[in-house]
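target-v1.cif follows; it contains mmCIF, C-alpha atoms.
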data_structure
#
loop_
_atom_site.label_atom_id
_atom_site.label_comp_id
_atom_site.auth_asym_id
_atom_site.auth_seq_id
_atom_site.Cartn_x
_atom_site.Cartn_y
_atom_site.Cartn_z
CA MET L 1 168.67 -70.26 122.52
CA ASN L 2 169.39 -68.58 119.21
CA GLU L 3 166.55 -66.55 117.76
CA SER L 4 165.77 -67.13 114.12
CA PRO L 5 166.31 -64.08 111.94
CA ALA L 6 163.29 -61.97 111.21
CA PRO L 7 161.86 -62.64 107.77
CA THR L 8 162.96 -60.09 105.22
CA ARG L 9 160.30 -58.10 103.44
CA PRO L 10 160.73 -57.55 99.70
CA LEU L 11 161.55 -54.01 98.68
CA PRO L 12 158.78 -51.96 97.10
CA SER L 13 159.06 -52.55 93.38
CA PRO L 14 158.09 -50.68 90.21
CA ALA L 15 156.26 -53.90 89.35
CA ASP L 16 153.64 -52.77 91.88
CA PHE L 17 152.69 -50.00 89.44
CA GLY L 18 151.65 -50.36 85.82
CA PHE L 19 149.68 -49.08 82.86
CA ASP L 20 147.77 -51.03 80.24
CA ILE L 21 146.21 -49.68 77.04
CA ALA L 22 142.84 -51.21 76.23
CA HIS L 23 141.57 -49.07 73.33
CA ARG L 24 142.97 -46.48 70.94
CA LEU L 25 141.26 -43.39 69.61
CA GLU L 26 140.98 -44.20 65.91
CA ARG L 27 138.65 -41.36 64.84
CA GLY L 28 138.78 -37.75 65.98
CA GLY L 29 142.23 -37.95 67.53
CA VAL L 30 145.78 -36.87 66.80
CA ARG L 31 148.25 -39.27 65.22
CA GLY L 32 151.96 -39.37 65.96
CA THR L 33 154.75 -39.30 63.44
CA GLY L 34 154.42 -43.07 63.03
CA ASP L 35 150.68 -42.69 62.28
CA GLN L 36 149.83 -44.27 65.64
CA PRO L 37 146.78 -42.73 67.39
CA LEU L 38 147.95 -40.81 70.48
CA GLY L 39 144.61 -40.89 72.29
CA ARG L 40 143.79 -44.02 74.27
CA ALA L 41 141.79 -45.58 77.09
CA GLY L 42 143.47 -47.80 79.63
CA THR L 43 144.14 -48.66 83.25
CA ILE L 44 146.73 -47.35 85.70
CA ARG L 45 147.47 -49.93 88.40
CA THR L 46 148.53 -48.64 91.84
CA PRO L 47 148.94 -50.27 95.28
CA HIS L 48 145.65 -48.64 96.33
CA GLY L 49 143.55 -49.55 93.32
CA ASP L 50 143.14 -49.02 89.60
CA ILE L 51 142.40 -45.82 87.71
CA GLN L 52 140.44 -46.19 84.49
CA THR L 53 141.76 -43.65 82.01
CA PRO L 54 141.19 -41.05 80.75
CA ALA L 55 140.32 -39.80 84.24
CA PHE L 56 139.85 -36.48 86.00
CA VAL L 57 141.50 -36.37 89.42
CA PRO L 58 139.83 -34.01 91.94
CA VAL L 59 142.27 -31.78 93.80
CA GLY L 60 142.47 -32.02 97.58
CA THR L 61 145.18 -29.41 98.09
CA LYS L 62 145.50 -29.72 101.87
CA ALA L 63 144.43 -33.39 102.13
CA THR L 64 140.80 -32.48 101.53
CA VAL L 65 138.67 -31.66 98.51
CA LYS L 66 137.23 -28.44 99.89
CA ALA L 67 133.67 -28.76 101.25
CA LEU L 68 133.45 -32.51 100.53
CA LEU L 69 133.81 -35.70 102.56
CA PRO L 70 136.17 -38.27 101.04
CA ALA L 71 133.19 -40.64 100.83
CA THR L 72 131.37 -38.00 98.78
CA VAL L 73 134.30 -37.76 96.36
CA ARG L 74 134.05 -41.51 95.87
CA GLU L 75 130.27 -41.37 95.40
CA LEU L 76 130.53 -38.71 92.70
CA GLY L 77 132.92 -40.97 90.78
CA GLY L 78 136.34 -39.69 91.79
CA GLN L 79 138.87 -42.48 91.30
CA ALA L 80 141.85 -40.70 92.87
CA VAL L 81 142.70 -37.42 94.58
CA LEU L 82 145.71 -35.11 94.26
CA ALA L 83 147.19 -33.20 97.20
CA ASN L 84 149.82 -30.48 97.28
CA ALA L 85 153.26 -31.24 98.68
CA TYR L 86 154.09 -27.58 99.28
CA HIS L 87 150.99 -26.89 101.38
CA LEU L 88 151.18 -30.13 103.35
CA PHE L 89 154.88 -29.55 104.04
CA LEU L 90 154.02 -26.19 105.59
CA GLN L 91 150.93 -27.44 107.43
CA PRO L 92 150.63 -29.88 109.18
CA GLY L 93 154.07 -31.15 108.11
CA SER L 94 154.96 -34.13 105.94
CA ASP L 95 156.47 -35.92 108.95
CA LEU L 96 153.10 -35.82 110.72
CA VAL L 97 151.32 -37.22 107.65
CA ASP L 98 153.94 -39.98 107.53
CA GLU L 99 153.37 -40.78 111.19
CA ALA L 100 149.62 -40.98 110.50
CA GLY L 101 150.25 -43.69 107.91
CA GLY L 102 150.41 -41.58 104.76
CA LEU L 103 148.11 -39.25 102.89
CA GLY L 104 145.32 -41.74 102.20
CA ARG L 105 145.02 -42.95 105.77
CA PHE L 106 145.40 -39.41 107.15
CA MET L 107 142.43 -38.12 105.11
CA ASN L 108 140.44 -41.40 105.23
CA TRP L 109 140.66 -41.98 101.47
CA ASP L 110 141.28 -45.59 100.48
CA GLY L 111 141.84 -45.04 96.75
CA PRO L 112 144.88 -43.96 94.71
CA THR L 113 146.56 -40.67 95.55
CA PHE L 114 148.81 -38.18 93.75
CA THR L 115 151.01 -35.40 95.13
CA ASP L 116 152.59 -32.70 93.00
CA SER L 117 156.18 -31.73 93.71
CA GLY L 118 155.51 -28.28 95.16
CA GLY L 119 157.43 -26.72 92.28
CA PHE L 120 154.57 -24.68 90.88
CA GLN L 121 153.62 -23.21 94.25
CA VAL L 122 157.22 -22.39 95.14
CA MET L 123 157.81 -20.76 91.76
CA SER L 124 154.56 -18.83 91.79
CA LEU L 125 155.84 -16.93 94.82
CA GLY L 126 158.69 -15.58 92.71
CA VAL L 127 158.62 -12.69 90.30
CA GLY L 128 155.02 -13.04 89.18
CA PHE L 129 151.99 -10.99 88.40
CA LYS L 130 148.33 -11.76 87.93
CA LYS L 131 148.21 -15.51 87.17
CA VAL L 132 151.61 -15.55 85.43
CA ILE L 133 154.90 -16.61 86.99
CA SER L 134 158.48 -15.82 86.07
CA MET L 135 161.66 -16.42 87.99
CA ASP L 136 163.69 -13.99 85.84
CA GLU L 137 163.59 -10.75 87.79
CA ASN L 138 165.15 -8.81 84.92
CA LEU L 139 162.04 -9.29 82.79
CA HIS L 140 158.84 -7.22 82.79
CA GLN L 141 160.41 -4.25 84.58
CA SER L 142 157.58 -1.84 83.75
CA ASP L 143 156.14 0.31 86.51
CA GLU L 144 152.97 -1.80 86.41
CA VAL L 145 154.82 -5.07 86.91
CA ILE L 146 157.09 -3.70 89.64
CA ALA L 147 154.01 -2.52 91.50
CA GLU L 148 152.45 -5.96 91.15
CA ASN L 149 155.54 -7.88 92.28
CA LYS L 150 155.99 -6.29 95.71
CA GLU L 151 158.29 -8.55 97.75
CA ARG L 152 159.87 -11.47 95.98
CA LEU L 153 159.25 -14.58 98.08
CA ALA L 154 161.20 -17.21 96.13
CA HIS L 155 164.70 -17.41 94.64
CA VAL L 156 165.81 -20.14 92.23
CA ASP L 157 169.40 -21.30 91.74
CA GLU L 158 171.08 -24.39 90.32
CA ASP L 159 170.60 -26.41 93.48
CA GLY L 160 166.96 -25.56 94.22
CA VAL L 161 164.67 -22.82 95.48
CA THR L 162 164.69 -20.77 98.67
CA PHE L 163 161.30 -19.36 99.61
CA LYS L 164 159.31 -17.78 102.39
CA SER L 165 156.20 -19.41 103.77
CA PHE L 166 153.02 -17.58 102.82
CA LEU L 167 151.69 -18.57 106.25
CA ASN L 168 154.22 -16.92 108.55
CA GLY L 169 157.21 -15.75 106.53
CA ASP L 170 159.53 -18.56 107.68
CA ARG L 171 162.31 -19.32 105.20
CA HIS L 172 162.49 -22.79 103.63
CA ARG L 173 164.57 -24.55 101.02
CA PHE L 174 163.29 -26.98 98.36
CA THR L 175 165.73 -29.03 96.33
CA PRO L 176 164.99 -32.11 94.22
CA GLU L 177 166.07 -34.26 97.16
CA VAL L 178 163.89 -32.38 99.64
CA SER L 179 160.85 -32.62 97.38
CA MET L 180 161.37 -36.38 97.02
CA ARG L 181 161.70 -36.87 100.78
CA ILE L 182 158.57 -34.84 101.45
CA GLN L 183 156.55 -36.73 98.86
CA HIS L 184 157.76 -40.09 100.17
CA GLN L 185 156.65 -39.04 103.64
CA LEU L 186 153.27 -38.04 102.26
CA GLY L 187 153.06 -41.52 100.74
CA ALA L 188 151.07 -40.89 97.55
CA ASP L 189 150.89 -43.62 94.93
CA ILE L 190 152.03 -41.19 92.20
CA ILE L 191 154.51 -38.38 92.84
CA PHE L 192 156.20 -35.85 90.56
CA ALA L 193 159.80 -34.83 90.01
CA PHE L 194 160.76 -31.33 91.15
CA ASP L 195 160.79 -28.99 88.15
CA GLU L 196 161.03 -25.31 87.35
CA CYS L 197 157.75 -23.91 86.07
CA THR L 198 158.23 -21.01 83.67
CA THR L 199 155.86 -18.57 81.97
CA LEU L 200 155.04 -17.57 78.42
CA PHE L 201 156.71 -14.24 79.17
CA ASN L 202 160.14 -15.76 79.73
CA THR L 203 162.66 -15.38 76.92
CA ARG L 204 163.66 -18.25 74.65
CA ARG L 205 167.10 -18.27 76.28
CA TYR L 206 165.60 -18.54 79.74
CA GLN L 207 163.33 -21.39 78.61
CA GLU L 208 166.37 -23.27 77.29
CA ASP L 209 168.25 -22.80 80.57
CA SER L 210 165.20 -23.82 82.58
CA VAL L 211 164.61 -27.02 80.58
CA ASP L 212 168.26 -27.97 81.07
CA ARG L 213 168.04 -27.25 84.80
CA THR L 214 164.83 -29.27 85.13
CA ALA L 215 166.60 -32.19 83.42
CA ARG L 216 169.47 -32.03 85.89
CA TRP L 217 167.00 -31.89 88.75
CA ALA L 218 165.16 -34.89 87.26
CA VAL L 219 168.28 -37.07 87.52
CA ARG L 220 168.66 -36.05 91.16
CA CYS L 221 164.99 -36.89 91.75
CA LEU L 222 165.49 -40.38 90.30
CA ASP L 223 168.46 -41.00 92.57
CA GLU L 224 166.72 -39.75 95.70
CA HIS L 225 163.56 -41.65 94.79
CA ALA L 226 165.57 -44.88 94.62
CA ARG L 227 167.18 -44.16 98.00
CA GLN L 228 163.85 -43.38 99.64
CA THR L 229 162.23 -46.48 98.14
CA ALA L 230 164.99 -48.70 99.55
CA GLU L 231 164.91 -47.02 102.98
CA ARG L 232 161.11 -47.14 103.25
CA ALA L 233 160.44 -50.80 102.49
CA HIS L 234 157.53 -50.70 104.94
CA ARG L 235 155.56 -48.53 102.50
CA PRO L 236 154.07 -49.47 99.11
CA TYR L 237 155.93 -48.47 95.96
CA GLN L 238 155.41 -44.88 94.84
CA ALA L 239 155.52 -44.20 91.10
CA LEU L 240 157.63 -41.22 90.07
CA PHE L 241 156.59 -39.09 87.08
CA GLY L 242 159.03 -36.81 85.27
CA VAL L 243 157.66 -33.40 84.24
CA VAL L 244 158.03 -32.12 80.67
CA GLN L 245 158.59 -28.38 80.30
CA GLY L 246 159.53 -26.24 77.28
CA ALA L 247 156.73 -23.68 76.97
CA GLN L 248 155.53 -23.12 73.37
CA TYR L 249 158.67 -24.35 71.63
CA GLU L 250 158.37 -27.59 69.69
CA ASP L 251 162.08 -28.39 69.75
CA LEU L 252 162.31 -27.80 73.52
CA ARG L 253 159.18 -29.81 74.30
CA ARG L 254 160.21 -32.75 72.13
CA ALA L 255 163.79 -32.74 73.42
CA ALA L 256 162.62 -32.55 77.04
CA ALA L 257 160.21 -35.45 76.50
CA ARG L 258 162.85 -37.60 74.81
CA GLY L 259 165.37 -36.82 77.52
CA LEU L 260 163.04 -37.80 80.35
CA ALA L 261 161.90 -40.94 78.51
CA GLU L 262 165.49 -42.14 78.15
CA MET L 263 166.73 -40.92 81.53
CA THR L 264 168.06 -43.15 84.29
CA GLY L 265 169.41 -42.17 87.67
CA ALA L 266 173.09 -41.30 87.74
CA GLU L 267 173.67 -43.12 91.04
CA ALA L 268 170.72 -45.52 91.18
CA ASP L 269 171.39 -47.79 88.24
CA GLY L 270 168.26 -48.62 86.26
CA GLN L 271 165.88 -46.24 88.06
CA ARG L 272 163.60 -44.71 85.43
CA PHE L 273 160.42 -42.65 85.43
CA ASP L 274 157.17 -44.59 85.80
CA GLY L 275 155.12 -41.99 83.93
CA PHE L 276 155.19 -38.37 82.90
CA GLY L 277 153.56 -35.06 83.69
CA ILE L 278 153.06 -32.27 81.17
CA GLY L 279 153.33 -28.88 82.80
CA GLY L 280 154.39 -25.30 82.43
CA ALA L 281 153.29 -22.54 80.15
CA LEU L 282 150.56 -23.64 77.72
CA ASP L 283 148.61 -21.20 75.56
CA LYS L 284 145.04 -22.50 75.31
CA SER L 285 144.95 -22.18 71.53
CA GLU L 286 148.06 -24.37 71.26
CA LEU L 287 147.14 -26.93 73.92
CA GLY L 288 146.45 -29.85 71.60
CA THR L 289 149.48 -29.14 69.45
CA ILE L 290 151.88 -28.99 72.41
CA VAL L 291 150.43 -32.05 74.15
CA GLY L 292 150.69 -33.89 70.84
CA TRP L 293 154.39 -32.97 70.43
CA VAL L 294 155.15 -34.28 73.92
CA ASN L 295 153.15 -37.49 73.68
CA ASP L 296 154.58 -38.26 70.25
CA GLU L 297 157.98 -38.56 71.98
CA LEU L 298 157.00 -40.26 75.24
CA PRO L 299 156.85 -44.07 75.52
CA GLU L 300 153.29 -45.21 74.92
CA ASN L 301 153.38 -47.85 77.66
CA LYS L 302 153.59 -45.24 80.44
CA PRO L 303 150.82 -42.91 81.63
CA ARG L 304 150.77 -39.15 80.97
CA HIS L 305 149.27 -36.62 83.37
CA LEU L 306 148.36 -33.10 82.20
CA LEU L 307 148.65 -30.70 85.11
CA GLY L 308 145.99 -28.06 85.78
CA ILE L 309 143.35 -28.74 83.09
CA SER L 310 139.57 -29.14 83.53
CA GLU L 311 137.61 -27.07 80.97
CA PRO L 312 135.41 -29.27 78.73
CA ASP L 313 136.99 -28.12 75.46
CA ASP L 314 140.52 -28.56 76.85
CA LEU L 315 139.70 -32.08 77.99
CA PHE L 316 138.57 -33.19 74.53
CA VAL L 317 141.60 -31.61 72.87
CA ALA L 318 144.10 -33.05 75.37
CA ILE L 319 142.61 -36.55 75.34
CA ALA L 320 142.68 -36.55 71.54
CA ALA L 321 146.40 -35.72 71.81
CA GLY L 322 147.13 -38.59 74.20
CA ALA L 323 146.77 -37.28 77.79
CA ASP L 324 145.54 -39.91 80.29
CA THR L 325 144.81 -38.08 83.56
CA PHE L 326 144.15 -34.49 84.60
CA ASP L 327 143.83 -32.42 87.74
CA CYS L 328 142.60 -28.89 88.38
CA VAL L 329 141.24 -26.82 91.26
CA ALA L 330 138.82 -24.97 88.96
CA PRO L 331 135.70 -27.14 89.48
CA SER L 332 135.74 -26.75 93.27
CA ARG L 333 137.05 -23.18 93.31
CA GLN L 334 134.45 -21.95 90.84
CA ALA L 335 131.72 -23.85 92.66
CA ARG L 336 132.44 -22.01 95.91
CA GLY L 337 131.92 -18.74 94.03
CA GLY L 338 128.65 -19.89 92.48
CA THR L 339 129.91 -20.56 88.94
CA MET L 340 128.41 -23.85 87.84
CA TYR L 341 128.93 -26.15 84.88
CA SER L 342 125.89 -27.38 83.00
CA SER L 343 125.14 -29.36 79.84
CA THR L 344 124.23 -26.10 78.07
CA GLY L 345 127.01 -23.85 79.40
CA ARG L 346 127.95 -21.97 82.55
CA ILE L 347 125.34 -20.91 85.08
CA ASN L 348 125.72 -18.29 87.81
CA ALA L 349 123.90 -19.82 90.76
CA LYS L 350 123.67 -16.37 92.39
CA SER L 351 121.95 -14.71 89.44
CA ALA L 352 118.38 -13.43 89.66
CA ALA L 353 117.39 -15.91 86.94
CA GLN L 354 117.85 -18.77 89.45
CA ARG L 355 115.83 -17.24 92.30
CA ARG L 356 112.49 -18.81 91.32
CA ARG L 357 113.78 -21.70 89.24
CA PHE L 358 112.19 -24.69 90.95
CA GLU L 359 114.01 -27.38 88.98
CA PRO L 360 117.50 -28.86 89.14
CA LEU L 361 120.35 -26.59 88.23
CA ASP L 362 121.09 -28.98 85.32
CA PRO L 363 118.15 -31.33 84.64
CA GLU L 364 120.50 -33.66 82.72
CA CYS L 365 122.93 -34.07 85.62
CA ASP L 366 122.83 -37.18 87.82
CA CYS L 367 124.70 -35.69 90.80
CA TYR L 368 123.29 -35.72 94.35
CA THR L 369 122.68 -31.96 94.22
CA CYS L 370 120.67 -32.01 91.00
CA GLU L 371 118.70 -35.08 92.06
CA ASN L 372 117.66 -33.58 95.41
CA TYR L 373 117.69 -29.77 95.24
CA THR L 374 116.45 -26.98 93.01
CA ALA L 375 118.37 -24.10 91.48
CA ALA L 376 116.22 -21.80 93.63
CA TYR L 377 117.39 -23.48 96.82
CA LEU L 378 121.03 -23.31 95.77
CA HIS L 379 120.54 -19.61 94.93
CA HIS L 380 119.09 -19.07 98.41
CA LEU L 381 122.05 -20.81 100.10
CA PHE L 382 124.55 -18.61 98.29
CA LYS L 383 122.64 -15.42 99.02
CA ALA L 384 122.29 -16.42 102.69
CA LYS L 385 126.02 -17.28 102.79
CA GLU L 386 125.24 -20.75 104.10
CA MET L 387 128.12 -23.29 104.16
CA LEU L 388 125.92 -25.90 102.50
CA ALA L 389 126.09 -23.84 99.29
CA SER L 390 129.76 -24.75 98.84
CA THR L 391 129.11 -28.44 99.47
CA LEU L 392 126.20 -28.80 97.07
CA ALA L 393 127.85 -26.67 94.38
CA THR L 394 131.15 -28.55 94.62
CA ILE L 395 129.40 -31.92 94.39
CA HIS L 396 127.80 -30.77 91.15
CA ASN L 397 130.89 -29.28 89.52
CA GLU L 398 133.18 -32.17 90.41
CA ARG L 399 130.60 -34.72 89.28
CA PHE L 400 130.07 -32.84 86.01
CA ILE L 401 133.76 -32.97 85.06
CA VAL L 402 134.36 -36.50 86.36
CA ARG L 403 131.31 -37.74 84.47
CA LEU L 404 132.32 -35.91 81.30
CA VAL L 405 135.72 -37.59 81.27
CA ASP L 406 134.05 -40.93 82.01
CA ARG L 407 131.83 -40.37 78.97
CA ILE L 408 134.87 -39.51 76.86
CA ARG L 409 136.55 -42.73 77.99
CA GLN L 410 133.48 -44.74 76.98
CA SER L 411 133.35 -42.94 73.64
CA ILE L 412 136.90 -44.11 72.90
CA ILE L 413 135.81 -47.66 73.67
CA ASP L 414 132.66 -47.27 71.53
CA ASP L 415 134.46 -45.41 68.72
CA SER L 416 132.10 -42.44 69.11
CA PHE L 417 134.57 -39.82 70.38
CA ALA L 418 134.10 -37.35 67.51
CA GLU L 419 130.32 -37.46 67.80
CA LEU L 420 130.41 -36.94 71.57
CA ARG L 421 132.87 -34.05 71.22
CA ASP L 422 130.73 -32.28 68.64
CA GLU L 423 127.57 -32.76 70.70
CA VAL L 424 129.02 -31.68 74.06
CA LEU L 425 131.01 -28.70 72.80
CA GLY L 426 128.23 -27.59 70.48
CA ARG L 427 125.87 -27.35 73.45
CA GLN L 428 128.51 -25.83 75.72
CA TYR L 429 129.90 -23.16 73.43
CA GLY L 430 127.93 -23.24 70.16
CA PRO L 431 128.33 -25.14 66.87
CA ASP L 432 131.00 -22.80 65.51
CA PHE L 433 133.20 -23.46 68.53
CA ALA L 434 132.66 -27.21 68.22
CA ARG L 435 133.77 -27.12 64.59
CA LYS L 436 136.86 -25.13 65.53
CA THR L 437 137.78 -27.66 68.22
CA ALA L 438 137.19 -30.54 65.81
CA ALA L 439 139.69 -28.94 63.41
CA GLN L 440 142.36 -29.25 66.14
CA SER L 441 141.63 -33.00 66.39
CA PRO L 442 141.31 -34.25 62.82
CA ARG L 443 139.15 -37.32 62.23
#
Represent the structure from my file as structure tokens, please.
Amino acid sequence: MNESPAPTRPLPSPADFGFDIAHRLERGGVRGTGDQPLGRAGTIRTPHGDIQTPAFVPVGTKATVKALLPATVRELGGQAVLANAYHLFLQPGSDLVDEAGGLGRFMNWDGPTFTDSGGFQVMSLGVGFKKVISMDENLHQSDEVIAENKERLAHVDEDGVTFKSFLNGDRHRFTPEVSMRIQHQLGADIIFAFDECTTLFNTRRYQEDSVDRTARWAVRCLDEHARQTAERAHRPYQALFGVVQGAQYEDLRRAAARGLAEMTGAEADGQRFDGFGIGGALDKSELGTIVGWVNDELPENKPRHLLGISEPDDLFVAIAAGADTFDCVAPSRQARGGTMYSSTGRINAKSAAQRRRFEPLDPECDCYTCENYTAAYLHHLFKAKEMLASTLATIHNERFIVRLVDRIRQSIIDDSFAELRDEVLGRQYGPDFARKTAAQSPR
């Protein structure tokens, strides 16, 4: 008896991912060269649910938002989480996460997921000092910098990066193809192309070379992404974002954005980027200008993710310039150290001023911590070095930033963005600061 052939399953398709613009920021935002408002509110559609944008994405570096249950992240309003490909590759291994059913199932998170490419972490192990990275070992050769550098743990070349594990010193190799394979094994809904992250201290010539190299790597990422998508038809489609570099240079940023927007795979005919990340060296004072350059060149029908941003003033500036989603470790990292956001500015939960403050840390906050505990109790937990301090503090900080971006999204819908910006930043930093920020986002 002949067996009937097994039914074929359709390949994962880019049609499983999408982005729709619902509202545009008419007042208080930046306009592109065609006088179109760059800021917008919309919806990113993924196989594991929708993301209403603008949105802040909490960072779960090692498949966990530190100190929080996944259910807690959902309760505080997190729509998606972002994990780190570099860290999960080293521990427990991307193959193990794949065997577990992918990142979401592994960490018991049923919503959308992102993974970054690992490029920033690999590069930051190179010739770097303090919070600045540079892969050009001929730069910064002062005695101070040499003392800071110690052993160089990463080496970049045309094909990729060789690096040593920070865990045990084992040597590894990341190429665009390796990064794509790792991220496909991790199974996030949105993944990023492997790029070279530079620093403001790199020379103009080095920035030019790096942008060109990142573009060549981007083509290889598109090709490998297409191969992995075809080979892994049992998994949902994963959207690939290209990453725009170019530091502070307008011509480099615009050219990089145009190149990625027009790019198709060299081998995989028709494979294009599903969205874009904005990364690399960004001086805070130029954030809105640079994001505006990039988004003026990118196609408006695809989402834009700004990597590593979470400060209230930066969020307003970036959203006004057209960024849709953001991620940053700062809310959880600062929370674990006792630095707390509030509607009237930062609060040190460990300070003596909080010891007998028998009211919520921020009376205007609707988070679980502020609704159930006092600033005095949180102060006690930190002083007693109790683990609960990190949990309650992280709930508050993550909720504060998630809620702020939710309010910004609603203000775009209500056409009250400029008023909300002036109110929030005036209370956070003072009226003079609010006026300065408003000047970066003309009405």
Using only C-alpha atoms, which residues of segment 203-312 of chain L come within 7 Å of segment 14-22 of chain L, and what is the closest atom pair for each, with the distance in Å to one decimal? Give it as a tab-separated table, sorted by chain and residue number.
residue	atom	partner	partner_atom	distance
L:Tyr237	CA	L:Asp16	CA	6.4
L:Ala239	CA	L:Phe17	CA	6.7
L:Asn301	CA	L:Phe19	CA	6.5
L:Lys302	CA	L:Phe19	CA	6.0
L:Pro303	CA	L:Phe19	CA	6.4
* To do: Name the closest residue to Asp189 of chain L among the candidates L:Glu386, L:Asp116, L:Asp269, L:Glu286; distances are taken between atoms, counting all atoms listed in the file.
  =>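 Selected residue with least distance to Asp189 of chain L: L:Asp116.
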* Apply the PyMOL selection byres ((chain L and resi 48) around 10) to the displayed file and report the matching residues as number ranges by chain. => L: 17, 45-47, 49-51, 80, 104, 109-113, 188-189, 236
* **Residues near Asp327 of chain L, cut-off 9 Å, all atoms listed in the file, skip fewer than 3 positions along chain, as a list of chain:residue names** =>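 The contact residues come out as L:Ala55, L:Phe56, L:Val57, L:Pro58, L:Val59, L:Val81, L:Leu82, L:His305, L:Leu306, L:Leu307, L:Gly308, L:Ile309, L:Ser310.
Distances to Thr199 of chain L were evaluated for L:Gly242, L:Gly322, L:Gly279, L:Gly93 using all atoms listed in the file, and the minimum falls at L:Gly279.
You can rank L:Arg171, L:Arg403, L:His155, L:Arg304 by their closest distance to Phe192 of chain L using all atoms listed in the file, and at the top of that list sits L:Arg304.
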Could you add the missing atoms to segment 383-394 of chain L, up to N, CA and C atoms, and return them as a PDB file, in the frame of the given file?
ATOM      1  N   LYS L 383     123.025 -16.762  98.573  1.00  0.00           N
ATOM      2  CA  LYS L 383     122.640 -15.420  99.020  1.00  0.00           C
ATOM      3  C   LYS L 383     122.651 -15.315 100.547  1.00  0.00           C
ATOM      4  N   ALA L 384     122.297 -16.420 101.223  1.00  0.00           N
ATOM      5  CA  ALA L 384     122.290 -16.420 102.690  1.00  0.00           C
ATOM      6  C   ALA L 384     123.663 -16.725 103.271  1.00  0.00           C
ATOM      7  N   LYS L 385     124.652 -16.963 102.374  1.00  0.00           N
ATOM      8  CA  LYS L 385     126.020 -17.280 102.790  1.00  0.00           C
ATOM      9  C   LYS L 385     126.067 -18.523 103.696  1.00  0.00           C
ATOM     10  N   GLU L 386     125.262 -19.505 103.361  1.00  0.00           N
ATOM     11  CA  GLU L 386     125.240 -20.750 104.100  1.00  0.00           C
ATOM     12  C   GLU L 386     126.361 -21.683 103.601  1.00  0.00           C
ATOM     13  N   MET L 387     127.018 -22.400 104.531  1.00  0.00           N
ATOM     14  CA  MET L 387     128.120 -23.290 104.160  1.00  0.00           C
ATOM     15  C   MET L 387     127.666 -24.402 103.222  1.00  0.00           C
ATOM     16  N   LEU L 388     126.412 -24.822 103.342  1.00  0.00           N
ATOM     17  CA  LEU L 388     125.920 -25.900 102.500  1.00  0.00           C
ATOM     18  C   LEU L 388     125.999 -25.540 101.016  1.00  0.00           C
ATOM     19  N   ALA L 389     125.984 -24.258 100.688  1.00  0.00           N
ATOM     20  CA  ALA L 389     126.090 -23.840  99.290  1.00  0.00           C
ATOM     21  C   ALA L 389     127.365 -24.385  98.663  1.00  0.00           C
ATOM     22  N   SER L 390     128.481 -24.266  99.367  1.00  0.00           N
ATOM     23  CA  SER L 390     129.760 -24.750  98.840  1.00  0.00           C
ATOM     24  C   SER L 390     129.741 -26.255  98.645  1.00  0.00           C
ATOM     25  N   THR L 391     129.149 -26.980  99.582  1.00  0.00           N
ATOM     26  CA  THR L 391     129.110 -28.440  99.470  1.00  0.00           C
ATOM     27  C   THR L 391     128.283 -28.878  98.269  1.00  0.00           C
ATOM     28  N   LEU L 392     127.059 -28.376  98.166  1.00  0.00           N
ATOM     29  CA  LEU L 392     126.200 -28.800  97.070  1.00  0.00           C
ATOM     30  C   LEU L 392     126.744 -28.363  95.714  1.00  0.00           C
ATOM     31  N   ALA L 393     127.299 -27.164  95.647  1.00  0.00           N
ATOM     32  CA  ALA L 393     127.850 -26.670  94.380  1.00  0.00           C
ATOM     33  C   ALA L 393     129.080 -27.464  93.976  1.00  0.00           C
ATOM     34  N   THR L 394     129.935 -27.804  94.941  1.00  0.00           N
ATOM     35  CA  THR L 394     131.150 -28.550  94.620  1.00  0.00           C
ATOM     36  C   THR L 394     130.816 -29.973  94.187  1.00  0.00           C
TER      37      THR L 394
END
